[in-house]
Every structure is written in structure tokens, then in C-alpha cells.
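J.: Input file: query_17.cif. Contents: mmCIF, C-alpha atoms.
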```cif
data_query
loop_
_atom_site.group_PDB
_atom_site.id
_atom_site.type_symbol
_atom_site.label_atom_id
_atom_site.label_comp_id
_atom_site.auth_asym_id
_atom_site.auth_seq_id
_atom_site.Cartn_x
_atom_site.Cartn_y
_atom_site.Cartn_z
ATOM 1 C CA MET A 168 0.000 0.000 0.000
ATOM 2 C CA PRO A 169 1.213 3.538 -0.697
ATOM 3 C CA CYS A 170 1.823 5.953 2.181
ATOM 4 C CA ALA A 171 -1.454 7.602 3.226
ATOM 5 C CA ALA A 172 0.040 11.079 2.936
ATOM 6 C CA PHE A 173 1.032 10.498 -0.708
ATOM 7 C CA GLU A 174 -1.777 8.297 -2.050
ATOM 8 C CA ASP A 175 -4.044 11.119 -3.270
ATOM 9 C CA LEU A 176 -1.126 13.094 -4.678
ATOM 10 C CA LEU A 177 0.110 10.085 -6.618
ATOM 11 C CA ARG A 178 -3.297 9.664 -8.299
ATOM 12 C CA GLY A 179 -3.074 13.238 -9.530
ATOM 13 C CA TYR A 180 0.665 13.037 -10.277
ATOM 14 C CA ASP A 181 0.327 13.913 -13.992
ATOM 15 C CA GLU A 182 -1.377 17.193 -13.165
ATOM 16 C CA LEU A 183 1.013 18.403 -10.490
ATOM 17 C CA THR A 184 3.327 21.348 -11.068
ATOM 18 C CA ALA A 185 7.075 20.797 -11.225
ATOM 19 C CA GLY A 186 7.382 22.278 -7.734
ATOM 20 C CA GLU A 187 4.760 19.934 -6.312
ATOM 21 C CA ARG A 188 6.386 16.962 -7.996
ATOM 22 C CA ARG A 189 9.798 17.638 -6.485
ATOM 23 C CA GLY A 190 8.631 16.697 -2.982
ATOM 24 C CA ILE A 191 6.938 13.542 -4.228
ATOM 25 C CA ASP A 192 9.886 12.533 -6.405
ATOM 26 C CA ALA A 193 12.158 12.812 -3.386
ATOM 27 C CA HIS A 194 9.800 10.513 -1.464
ATOM 28 C CA LEU A 195 9.633 8.064 -4.365
ATOM 29 C CA THR A 196 13.398 7.545 -4.301
ATOM 30 C CA VAL A 197 13.105 6.080 -0.805
ATOM 31 C CA CYS A 198 9.647 4.437 -0.834
ATOM 32 C CA GLY A 199 9.163 1.260 -2.848
ATOM 33 C CA ASP A 200 5.440 0.983 -2.046
ATOM 34 C CA CYS A 201 4.659 4.431 -3.424
ATOM 35 C CA ARG A 202 6.831 3.755 -6.479
ATOM 36 C CA GLU A 203 4.954 0.548 -7.130
ATOM 37 C CA TYR A 204 1.618 2.348 -6.696
ATOM 38 C CA LEU A 205 2.620 5.020 -9.204
ATOM 39 C CA GLU A 206 3.628 2.299 -11.676
ATOM 40 C CA THR A 207 0.239 0.621 -11.208
ATOM 41 C CA LEU A 208 -1.509 3.930 -11.930
ATOM 42 C CA ALA A 209 0.583 4.436 -15.068
ATOM 43 C CA GLU A 210 -0.192 0.895 -16.223
ATOM 44 C CA LEU A 211 -3.899 1.458 -15.611
ATOM 45 C CA ASP A 212 -3.742 4.697 -17.565
ATOM 46 C CA ARG A 213 -2.173 2.905 -20.542
ATOM 47 C CA GLU A 214 -4.722 0.078 -20.385
ATOM 48 C CA LEU A 215 -7.675 2.475 -20.211
ATOM 49 C CA ALA A 216 -6.366 4.625 -23.026
ATOM 50 C CA GLY A 217 -5.851 1.477 -25.125
ATOM 51 C CA LEU A 218 -9.349 0.260 -24.342
ATOM 52 C CA TYR A 219 -11.185 3.423 -25.365
ATOM 53 C CA ARG A 220 -8.883 5.275 -27.750
ATOM 54 C CA GLY A 221 -10.300 5.863 -31.222
ATOM 55 C CA LEU A 222 -13.736 4.429 -30.423
ATOM 56 C CA GLN A 223 -15.977 5.479 -33.316
ATOM 57 C CA PRO A 224 -19.534 4.762 -34.379
ATOM 58 C CA PRO A 225 -19.678 1.969 -36.975
ATOM 59 C CA PRO A 226 -19.248 3.053 -40.627
ATOM 60 C CA HIS A 227 -22.914 2.481 -41.497
ATOM 61 C CA PHE A 228 -24.118 4.603 -38.570
ATOM 62 C CA ALA A 229 -24.738 7.937 -40.313
ATOM 63 C CA ALA A 230 -26.463 6.309 -43.321
ATOM 64 C CA ALA A 231 -28.722 4.245 -41.042
ATOM 65 C CA VAL A 232 -29.691 7.327 -39.031
ATOM 66 C CA ARG A 233 -30.428 9.368 -42.173
ATOM 67 C CA SER A 234 -32.653 6.716 -43.656
ATOM 68 C CA LYS A 235 -34.561 6.213 -40.369
ATOM 69 C CA ALA A 236 -34.921 9.935 -39.750
ATOM 70 C CA ARG A 237 -36.189 10.732 -43.205
ATOM 71 C CA ALA A 238 -38.865 8.105 -42.938
ATOM 72 C CA SER A 239 -40.534 10.638 -40.630
ATOM 73 C CA LYS A 240 -40.808 14.411 -40.812
ATOM 74 C CA PRO A 241 -39.606 16.951 -38.283
ATOM 75 C CA LEU A 242 -42.457 18.246 -36.166
ATOM 76 C CA ALA A 243 -44.407 20.518 -38.503
ATOM 77 C CA LYS A 244 -44.164 23.580 -36.314
ATOM 78 C CA PRO A 245 -42.344 24.688 -33.219
ATOM 79 C CA LEU A 246 -43.817 23.780 -29.873
ATOM 80 C CA ARG A 247 -46.892 25.866 -29.036
ATOM 81 C CA PRO A 248 -46.429 28.884 -26.785
ATOM 82 C CA PRO A 249 -47.481 28.206 -23.200
ATOM 83 C CA SER A 250 -51.247 28.127 -22.620
ATOM 84 C CA ALA A 251 -52.932 31.125 -20.933
ATOM 85 C CA TRP A 252 -55.352 28.834 -19.052
ATOM 86 C CA PRO A 253 -53.282 28.463 -15.874
ATOM 87 C CA GLU A 254 -53.142 32.276 -15.545
ATOM 88 C CA VAL A 255 -56.909 32.602 -16.098
ATOM 89 C CA LEU A 256 -57.691 29.862 -13.564
ATOM 90 C CA ASP A 257 -55.296 31.442 -11.091
ATOM 91 C CA PHE A 258 -57.090 34.784 -11.469
ATOM 92 C CA CYS A 259 -60.517 33.151 -11.017
ATOM 93 C CA GLY A 260 -59.330 31.403 -7.874
ATOM 94 C CA TRP A 261 -58.066 34.594 -6.270
ATOM 95 C CA ALA A 262 -61.224 36.489 -7.318
ATOM 96 C CA ALA A 263 -63.333 33.812 -5.617
ATOM 97 C CA VAL A 264 -61.264 34.073 -2.413
ATOM 98 C CA VAL A 265 -61.670 37.868 -2.360
ATOM 99 C CA ALA A 266 -65.436 37.588 -2.988
ATOM 100 C CA ILE A 267 -65.893 35.065 -0.142
ATOM 101 C CA VAL A 268 -63.919 37.228 2.280
ATOM 102 C CA ALA A 269 -65.976 40.293 1.299
ATOM 103 C CA LEU A 270 -69.260 38.400 1.763
ATOM 104 C CA LEU A 271 -68.139 37.146 5.173
ATOM 105 C CA ALA A 272 -67.186 40.682 6.190
ATOM 106 C CA VAL A 273 -70.592 41.997 5.127
ATOM 107 C CA ALA A 274 -72.372 39.182 6.981
ATOM 108 C CA VAL A 275 -70.384 39.753 10.181
ATOM 109 C CA ALA A 276 -70.968 43.485 9.963
ATOM 110 C CA ALA A 277 -74.713 42.966 9.453
ATOM 111 C CA GLN A 278 -74.902 40.686 12.509
ATOM 112 C CA ALA A 279 -73.062 43.214 14.598
ATOM 113 C CA GLY A 280 -75.514 45.882 13.418
ATOM 114 C CA ILE A 281 -72.892 47.923 11.662
ATOM 115 C CA THR A 282 -74.087 49.591 8.515
ATOM 116 C CA LEU A 283 -71.472 49.857 5.826
ATOM 117 C CA MET B 185 -20.102 24.656 -37.451
ATOM 118 C CA ASP B 186 -22.723 25.589 -34.820
ATOM 119 C CA GLU B 187 -23.243 28.958 -36.519
ATOM 120 C CA GLU B 188 -23.879 27.167 -39.801
ATOM 121 C CA ILE B 189 -26.351 24.834 -38.110
ATOM 122 C CA ARG B 190 -28.199 27.808 -36.578
ATOM 123 C CA ALA B 191 -28.321 29.565 -39.949
ATOM 124 C CA HIS B 192 -29.944 26.522 -41.569
ATOM 125 C CA LEU B 193 -32.401 26.225 -38.684
ATOM 126 C CA GLU B 194 -33.396 29.865 -38.992
ATOM 127 C CA ARG B 195 -34.124 29.312 -42.686
ATOM 128 C CA GLN B 196 -36.004 26.082 -41.818
ATOM 129 C CA GLN B 197 -33.596 24.024 -43.916
ATOM 130 C CA TRP B 198 -34.044 20.925 -41.789
ATOM 131 C CA ASP B 199 -32.176 18.455 -44.022
ATOM 132 C CA GLU B 200 -29.072 20.614 -44.203
ATOM 133 C CA ALA B 201 -29.149 21.399 -40.492
ATOM 134 C CA PHE B 202 -29.593 17.736 -39.621
ATOM 135 C CA ASP B 203 -26.690 16.619 -41.820
ATOM 136 C CA LEU B 204 -24.402 19.067 -40.052
ATOM 137 C CA VAL B 205 -25.618 18.067 -36.589
ATOM 138 C CA LEU B 206 -25.069 14.412 -37.452
ATOM 139 C CA ARG B 207 -21.605 15.044 -38.848
ATOM 140 C CA GLN B 208 -20.567 17.230 -35.927
ATOM 141 C CA TYR B 209 -21.993 15.222 -33.027
ATOM 142 C CA GLN B 210 -22.222 11.555 -34.017
ATOM 143 C CA THR B 211 -18.961 10.565 -32.333
ATOM 144 C CA LYS B 212 -19.678 12.540 -29.156
ATOM 145 C CA VAL B 213 -23.195 11.117 -28.888
ATOM 146 C CA PHE B 214 -21.885 7.602 -29.538
ATOM 147 C CA HIS B 215 -19.260 8.052 -26.816
ATOM 148 C CA LEU B 216 -21.880 9.298 -24.374
ATOM 149 C CA ALA B 217 -24.115 6.320 -25.192
ATOM 150 C CA CYS B 218 -21.201 3.872 -24.795
ATOM 151 C CA SER B 219 -20.288 5.343 -21.421
ATOM 152 C CA MET B 220 -23.847 5.261 -20.134
ATOM 153 C CA LEU B 221 -24.882 1.876 -21.493
ATOM 154 C CA ALA B 222 -21.513 0.054 -21.352
ATOM 155 C CA ASN B 223 -22.535 -2.029 -24.353
ATOM 156 C CA GLN B 224 -21.647 -1.023 -27.889
ATOM 157 C CA GLU B 225 -24.628 -2.634 -29.578
ATOM 158 C CA GLN B 226 -27.103 -0.935 -27.237
ATOM 159 C CA ALA B 227 -25.089 2.271 -27.489
ATOM 160 C CA GLU B 228 -25.454 2.260 -31.262
ATOM 161 C CA ASP B 229 -29.231 1.800 -31.011
ATOM 162 C CA ALA B 230 -29.472 4.532 -28.371
ATOM 163 C CA ALA B 231 -27.331 6.917 -30.435
ATOM 164 C CA GLN B 232 -29.590 6.315 -33.440
ATOM 165 C CA GLU B 233 -32.600 7.078 -31.266
ATOM 166 C CA VAL B 234 -30.916 10.305 -30.136
ATOM 167 C CA PHE B 235 -30.614 11.518 -33.713
ATOM 168 C CA ILE B 236 -34.184 10.539 -34.572
ATOM 169 C CA ARG B 237 -35.311 12.650 -31.604
ATOM 170 C CA ILE B 238 -33.080 15.503 -32.749
ATOM 171 C CA TRP B 239 -34.488 15.294 -36.274
ATOM 172 C CA ARG B 240 -38.043 15.473 -34.974
ATOM 173 C CA ALA B 241 -37.227 18.292 -32.577
ATOM 174 C CA LEU B 242 -35.295 20.502 -35.018
ATOM 175 C CA PRO B 243 -38.124 23.051 -35.454
ATOM 176 C CA GLY B 244 -38.372 23.385 -31.665
ATOM 177 C CA TYR B 245 -34.723 24.385 -31.219
ATOM 178 C CA ARG B 246 -34.459 27.679 -29.356
ATOM 179 C CA ALA B 247 -31.323 29.696 -29.939
ATOM 180 C CA GLN B 248 -30.948 30.529 -26.221
ATOM 181 C CA ALA B 249 -29.088 27.248 -25.692
ATOM 182 C CA SER B 250 -25.974 26.366 -27.676
ATOM 183 C CA VAL B 251 -26.444 23.588 -30.213
ATOM 184 C CA SER B 252 -24.119 21.292 -28.255
ATOM 185 C CA THR B 253 -26.004 21.838 -24.971
ATOM 186 C CA TRP B 254 -29.270 21.078 -26.763
ATOM 187 C CA VAL B 255 -27.889 17.951 -28.469
ATOM 188 C CA TYR B 256 -26.270 16.611 -25.288
ATOM 189 C CA SER B 257 -29.404 17.144 -23.268
ATOM 190 C CA ILE B 258 -31.482 15.149 -25.773
ATOM 191 C CA ALA B 259 -28.737 12.518 -25.843
ATOM 192 C CA ARG B 260 -28.651 12.130 -22.055
ATOM 193 C CA ASN B 261 -32.421 11.751 -21.859
ATOM 194 C CA ALA B 262 -32.536 9.174 -24.646
ATOM 195 C CA CYS B 263 -29.652 7.219 -23.102
ATOM 196 C CA LEU B 264 -31.307 7.266 -19.675
ATOM 197 C CA THR B 265 -34.471 5.835 -21.224
ATOM 198 C CA ALA B 266 -32.404 3.152 -22.981
ATOM 199 C CA LEU B 267 -30.512 2.429 -19.763
ATOM 200 C CA LYS B 268 -33.754 1.940 -17.828
ATOM 201 C CA SER B 269 -35.211 -0.450 -20.374
ATOM 202 C CA ALA B 270 -31.883 -2.297 -20.673
ATOM 203 C CA SER B 271 -31.676 -2.726 -16.880
ATOM 204 C CA ALA B 272 -35.236 -3.982 -16.834
ATOM 205 C CA ARG B 273 -34.510 -6.789 -19.262
ATOM 206 C CA ARG B 274 -30.869 -7.497 -18.364
ATOM 207 C CA THR B 275 -30.445 -11.103 -17.347
ATOM 208 C CA VAL B 276 -26.903 -12.160 -18.019
ATOM 209 C CA SER B 277 -26.630 -15.895 -17.959
ATOM 210 C CA LEU B 278 -23.894 -18.307 -18.934
ATOM 211 C CA GLU B 279 -26.601 -20.156 -20.817
ATOM 212 C CA ASP B 280 -26.917 -17.150 -23.091
ATOM 213 C CA PRO B 281 -25.024 -18.138 -26.268
ATOM 214 C CA GLY B 282 -23.422 -14.683 -26.625
ATOM 215 C CA THR B 283 -22.133 -14.649 -23.074
ATOM 216 C CA ARG B 284 -20.859 -18.202 -23.282
ATOM 217 C CA ALA B 285 -19.063 -17.530 -26.556
ATOM 218 C CA ALA B 286 -17.481 -14.387 -25.113
ATOM 219 C CA ALA B 287 -16.265 -16.347 -22.088
ATOM 220 C CA GLU B 288 -14.877 -19.134 -24.241
ATOM 221 C CA ASN B 289 -13.237 -16.789 -26.697
ATOM 222 C CA ARG B 290 -11.491 -14.681 -24.104
ATOM 223 C CA VAL B 291 -7.827 -14.920 -25.031
ATOM 224 C CA GLU B 292 -5.028 -13.982 -22.736
ATOM 225 C CA SER B 293 -2.383 -11.627 -24.052
ATOM 226 C CA PRO B 294 0.892 -13.359 -24.858
ATOM 227 C CA GLY B 295 3.591 -12.589 -22.335
ATOM 228 C CA ARG B 296 1.017 -11.437 -19.758
ATOM 229 C CA PRO B 297 -0.983 -14.579 -19.092
ATOM 230 C CA HIS B 298 -2.489 -13.284 -15.852
ATOM 231 C CA ALA B 299 -3.091 -9.609 -16.675
ATOM 232 C CA PRO B 300 -6.363 -8.472 -15.106
ATOM 233 C CA ASP B 301 -9.180 -7.764 -17.527
ATOM 234 C CA ILE B 302 -9.434 -3.961 -17.467
ATOM 235 C CA GLU B 303 -12.761 -3.938 -19.307
ATOM 236 C CA ARG B 304 -14.339 -6.131 -16.653
ATOM 237 C CA LEU B 305 -12.849 -4.055 -13.838
ATOM 238 C CA VAL B 306 -14.381 -0.904 -15.351
ATOM 239 C CA GLU B 307 -17.741 -2.647 -15.787
ATOM 240 C CA GLU B 308 -17.717 -3.561 -12.098
ATOM 241 C CA LEU B 309 -17.340 0.057 -10.985
ATOM 242 C CA PRO B 310 -20.402 1.918 -9.652
ATOM 243 C CA GLU B 311 -22.367 3.417 -12.551
ATOM 244 C CA LYS B 312 -21.342 7.074 -12.110
ATOM 245 C CA LEU B 313 -17.654 6.232 -11.808
ATOM 246 C CA ARG B 314 -17.815 3.914 -14.817
ATOM 247 C CA GLN B 315 -19.465 6.595 -16.963
ATOM 248 C CA VAL B 316 -16.909 9.233 -16.058
ATOM 249 C CA VAL B 317 -13.818 7.074 -16.403
ATOM 250 C CA SER B 318 -14.803 5.567 -19.763
ATOM 251 C CA LEU B 319 -15.905 8.907 -21.207
ATOM 252 C CA PHE B 320 -12.724 10.574 -19.952
ATOM 253 C CA TYR B 321 -10.569 8.187 -21.998
ATOM 254 C CA MET B 322 -12.883 8.248 -25.029
ATOM 255 C CA GLU B 323 -12.682 12.039 -25.013
ATOM 256 C CA GLU B 324 -8.898 12.027 -24.870
ATOM 257 C CA LYS B 325 -8.723 12.991 -21.225
ATOM 258 C CA SER B 326 -10.710 16.205 -21.474
ATOM 259 C CA TYR B 327 -12.402 17.059 -18.178
ATOM 260 C CA GLU B 328 -14.327 19.819 -19.931
ATOM 261 C CA GLU B 329 -15.837 17.539 -22.567
ATOM 262 C CA VAL B 330 -16.855 14.958 -19.962
ATOM 263 C CA SER B 331 -18.478 17.725 -17.918
ATOM 264 C CA ARG B 332 -20.371 19.080 -20.942
ATOM 265 C CA LEU B 333 -21.480 15.666 -22.180
ATOM 266 C CA LEU B 334 -22.702 14.401 -18.810
ATOM 267 C CA GLY B 335 -24.055 17.798 -17.757
ATOM 268 C CA ILE B 336 -22.229 17.761 -14.415
ATOM 269 C CA PRO B 337 -19.723 20.240 -12.936
ATOM 270 C CA MET B 338 -16.042 19.779 -13.716
ATOM 271 C CA GLY B 339 -15.276 19.366 -9.996
ATOM 272 C CA THR B 340 -17.648 16.392 -9.873
ATOM 273 C CA VAL B 341 -15.925 14.869 -12.910
ATOM 274 C CA LYS B 342 -12.558 15.157 -11.148
ATOM 275 C CA THR B 343 -13.912 13.684 -7.908
ATOM 276 C CA HIS B 344 -15.503 10.726 -9.709
ATOM 277 C CA LEU B 345 -12.353 10.126 -11.720
ATOM 278 C CA HIS B 346 -10.230 10.232 -8.592
ATOM 279 C CA ARG B 347 -12.451 7.663 -6.885
ATOM 280 C CA ALA B 348 -12.561 5.477 -10.004
ATOM 281 C CA ARG B 349 -8.746 5.433 -10.215
ATOM 282 C CA LYS B 350 -8.478 4.573 -6.532
ATOM 283 C CA GLU B 351 -10.945 1.718 -6.909
ATOM 284 C CA LEU B 352 -9.375 0.407 -10.124
ATOM 285 C CA ALA B 353 -5.839 0.545 -8.712
ATOM 286 C CA LEU B 354 -6.977 -1.411 -5.660
ATOM 287 C CA ARG B 355 -8.675 -4.116 -7.714
ATOM 288 C CA TRP B 356 -5.896 -4.222 -10.315
ATOM 289 C CA ARG B 357 -3.246 -4.837 -7.651
ATOM 290 C CA LYS B 358 -5.408 -7.392 -5.879
ATOM 291 C CA GLU B 359 -5.954 -9.392 -9.072
ATOM 292 C CA ASN B 360 -2.280 -9.193 -9.991
ATOM 293 C CA THR B 361 -1.315 -10.457 -6.548
ATOM 294 C CA ASN B 362 -3.835 -13.309 -6.761
ATOM 295 C CA ALA B 363 -2.563 -14.223 -10.228
ATOM 296 C CA VAL B 364 1.048 -14.361 -9.009
ATOM 297 C CA ARG B 365 -0.023 -16.576 -6.087
ATOM 298 C CA GLY B 366 -2.008 -18.714 -8.517
ATOM 299 C CA VAL B 367 -5.316 -18.101 -6.697
#
```
Output the file's structure as C-alpha cells, nothing else.
T.:
Amino acid sequence: MPCAAFEDLLRGYDELTAGERRGIDAHLTVCGDCREYLETLAELDRELAGLYRGLQPPPHFAAAVRSKARASKPLAKPLRPPSAWPEVLDFCGWAAVVAIVALLAVAVAAQAGITL
Amino acid sequence: MDEEIRAHLERQQWDEAFDLVLRQYQTKVFHLACSMLANQEQAEDAAQEVFIRIWRALPGYRAQASVSTWVYSIARNACLTALKSASARRTVSLEDPGTRAAAENRVESPGRPHAPDIERLVEELPEKLRQVVSLFYMEEKSYEEVSRLLGIPMGTVKTHLHRARKELALRWRKENTNAVRGV
């Protein structure tokens, strides 16, 4: 296992500045475990790059997509603008609340004998 | 290229716009699909579905978003749908002829008879880590591209990649040690 203090730094070794690397390089000259860990990371990096490098869609891909796409048409027109109904319903709701409150106020006032 | 695509869209030249979108984004979309689905055959189907959706949605494109942001967002949604339906029907069995053939045909590299199988190790990673690490190498180690394609902050990409490397290094060393011991 690598030294706990160096493990994270070793995983980001490629992106360290020259100054940051100097301290780690000095440690690597005396620590076999950290050296071995860095070699493992480099090996992994090569394997991963080899596994995914140059991955391309198959040659027939674009032709297949074109023929499928053109069997249908793009949507005839852009999406409709948002409906005004939610605004109207919102207004009606608030108007109803105001009307009920006003009626209640009138009723309470009438019971109390207050003339508006 | 994006300016050209926008110009065609403004003039409602759907065919021309679509050809450019396809040419510009097919590899990126395919990479995204491969990273999300971890299966090239399914990735190809999902990537085709992405472009069908793009074709149908061309008239709805709003210029507020960049073309790439718009394309990647459609691609992520289509891949998520494909991922859900693939997970629902995924039953890997050794009785499946494809799986059995793959197991039988697995050849070990000469000179490294016990090298761990990196593809399998990546497949065994948690989904988010697998997506980030595979896309990072497909996109030639560009944090920015991975961030744009997956729609996540660059800091998150770096964190996931860091964790993926830690996990892979641990498993890689463990398998190497087991192979040397003949376990």
C-alpha cells in the first residue's frame, strides 16, 4: 500500500506542477510501495487509453440514421407557446377568495348591526 | 459549425441542419451512449434514437441554448431511457449463447498470461464512476468535454475520476497479486 500522505497526490501526479512533484519525487526515491503504486496507476492509464482510444460509431451509422430519420418528418411547427389557461384559472381562484372574504365581512358586519 | 447549423435552422432548412448536426456530433453522442450503457450494440441503437429525436425536434430548437447543450441534453435523456429499459430486461446468464461464446473466446495476451481484464474491472465500478472514467478516456482525457457531455460540474468529474482510479488501482493490484499466487 502507498503511504497515506502520498496516495491522493500520486493519483493526480500527472497534473502536479514541477514544484509539487519535487517533494513527491524525493519521497519516491526512498519508498518502494509508493513507487509501485505510481507504476500501477501508469499501467492502468495505458490500459484504459488502449481500451477506449479511437472508439468510433460503426461506418454504417450515419447512413442508417439518415434513412430512419427521413422516414418521418420533423415536427411541422415549433412547440406551441405556453397556454394562458393556468393564468386565467389562477385569477378566477383569487377572485373567488376575495369575494368570499368580502361576503363574510358583510355578513359579520350585518350581525353586529354595523351599517357599511 | 454551430453557426452554420443555426443559420440553416433559422431558414427552416431541416435536411441541411440535420446533416451538419449528425456530422458534428455523431462521435460525441456515440461516446456518451457507450459510457452510459456500457454495451456497444445498445449504445449504437441509443445513439440512433438520439438523432431521430433531434431530427423530430429541429423546429423546436431555441437559440438561447448552444447547439451542443441542446444535443447533449437530448442525448442524455434518450440514453437514460435506454438504460432503464436495458436494466429492466438485463439477465446475463452463462446459458446465453453470446455470453458463453465471449467467455470461451477470451484470449489472454501473450507474455502477460495473468493480466487483469481492465474492461471487466471498469464494468464492475459503480455506474457514475464507470461513466466518467470511460468517457474521460474516449474524449482524450478532457475534463471539460466529460463535464459538458454528462451535464455535471467539472469538480464532480474530477472527484468521480479520482475515486474510479483509486478503486481500479486497488482491484488491479489485488488481481495481480492473486494471479502471481495462482489463486
J.: When distances are computed from only C-alpha atoms, which of B:Val234, B:Ala191, B:Val213, B:Ile258 shows the smallest separation from Val232 in chain A?
T.: B:Val234
J.: Provide the CA of Leu221 in chain B to CA of Met322 in chain B distance in Å, to one decimal place.
T.: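 Pair CA of Leu221 in chain B / CA of Met322 in chain B returns 14.0 Å.
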J.: Counting all atoms listed in the file, what is within 7 Å of Phe214 in chain B, bar same-chain residues fewer than 5 positions away, as number ranges by chain?
T.: A: 224; B: 227-228, 231
J.: What are the residues of chain B that have an atom within 8 Å of an atom of chain A, counting only C-alpha atoms, as an mmCIF file with C-alpha atoms, in the frame of the given file?
T.:
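Saved as result.cif:
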```
data_model
loop_
_atom_site.group_PDB
_atom_site.id
_atom_site.type_symbol
_atom_site.label_atom_id
_atom_site.label_comp_id
_atom_site.auth_asym_id
_atom_site.auth_seq_id
_atom_site.Cartn_x
_atom_site.Cartn_y
_atom_site.Cartn_z
ATOM 1 C CA TRP B 198 -34.044 20.925 -41.789
ATOM 2 C CA LEU B 206 -25.069 14.412 -37.452
ATOM 3 C CA ARG B 207 -21.605 15.044 -38.848
ATOM 4 C CA GLN B 210 -22.222 11.555 -34.017
ATOM 5 C CA THR B 211 -18.961 10.565 -32.333
ATOM 6 C CA PHE B 214 -21.885 7.602 -29.538
ATOM 7 C CA HIS B 215 -19.260 8.052 -26.816
ATOM 8 C CA GLU B 228 -25.454 2.260 -31.262
ATOM 9 C CA GLN B 232 -29.590 6.315 -33.440
ATOM 10 C CA PHE B 235 -30.614 11.518 -33.713
ATOM 11 C CA ILE B 236 -34.184 10.539 -34.572
ATOM 12 C CA TRP B 239 -34.488 15.294 -36.274
ATOM 13 C CA ARG B 240 -38.043 15.473 -34.974
ATOM 14 C CA ALA B 241 -37.227 18.292 -32.577
ATOM 15 C CA LEU B 242 -35.295 20.502 -35.018
ATOM 16 C CA PRO B 243 -38.124 23.051 -35.454
ATOM 17 C CA GLY B 244 -38.372 23.385 -31.665
ATOM 18 C CA TYR B 245 -34.723 24.385 -31.219
ATOM 19 C CA ILE B 302 -9.434 -3.961 -17.467
ATOM 20 C CA GLU B 303 -12.761 -3.938 -19.307
ATOM 21 C CA SER B 318 -14.803 5.567 -19.763
ATOM 22 C CA TYR B 321 -10.569 8.187 -21.998
ATOM 23 C CA MET B 322 -12.883 8.248 -25.029
ATOM 24 C CA GLU B 324 -8.898 12.027 -24.870
ATOM 25 C CA HIS B 346 -10.230 10.232 -8.592
ATOM 26 C CA ARG B 349 -8.746 5.433 -10.215
ATOM 27 C CA LYS B 350 -8.478 4.573 -6.532
ATOM 28 C CA LEU B 352 -9.375 0.407 -10.124
ATOM 29 C CA ALA B 353 -5.839 0.545 -8.712
ATOM 30 C CA TRP B 356 -5.896 -4.222 -10.315
ATOM 31 C CA ARG B 357 -3.246 -4.837 -7.651
#
```
J.: Please, what distance in Å, to one decimal, runs between CA of Arg188 in chain A and CA of Lys342 in chain B?
T.: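 These atoms are spaced 19.3 Å apart.
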J.: Between CA of Arg237 in chain B and CA of Pro310 in chain B, what is the distance, to one decimal in Å?
T.: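 Computing it gives 28.6 Å between the two atoms.
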J.: Starting from 3 Å padding per side, set up an axis-aligned box that covers all listed atoms of range 332-346 of chain B and hand over centre and edge lengths in Å, one decimal, as JSON.
T.:
```
{"center_x": -17.1, "center_y": 15.2, "center_z": -15.0, "size_x": 19.8, "size_y": 16.1, "size_z": 20.3}
```
J.: Can you turn the PyMOL selection byres ((chain B and resi 331) around 12) into a concrete residue list for this file, as a PyMOL selection string?
T.: chain B and resi 216+253+256+315-317+319-320+323+325-330+332-345
J.: Quick one: apply the PyMOL selection byres ((chain B and resi 304) around 12) to the file and drop the selected residues here as a ChimeraX atom specification.
T.: /A:215,218 /B:222-223,287,290,299-303,305-309,314,352,355-356,359
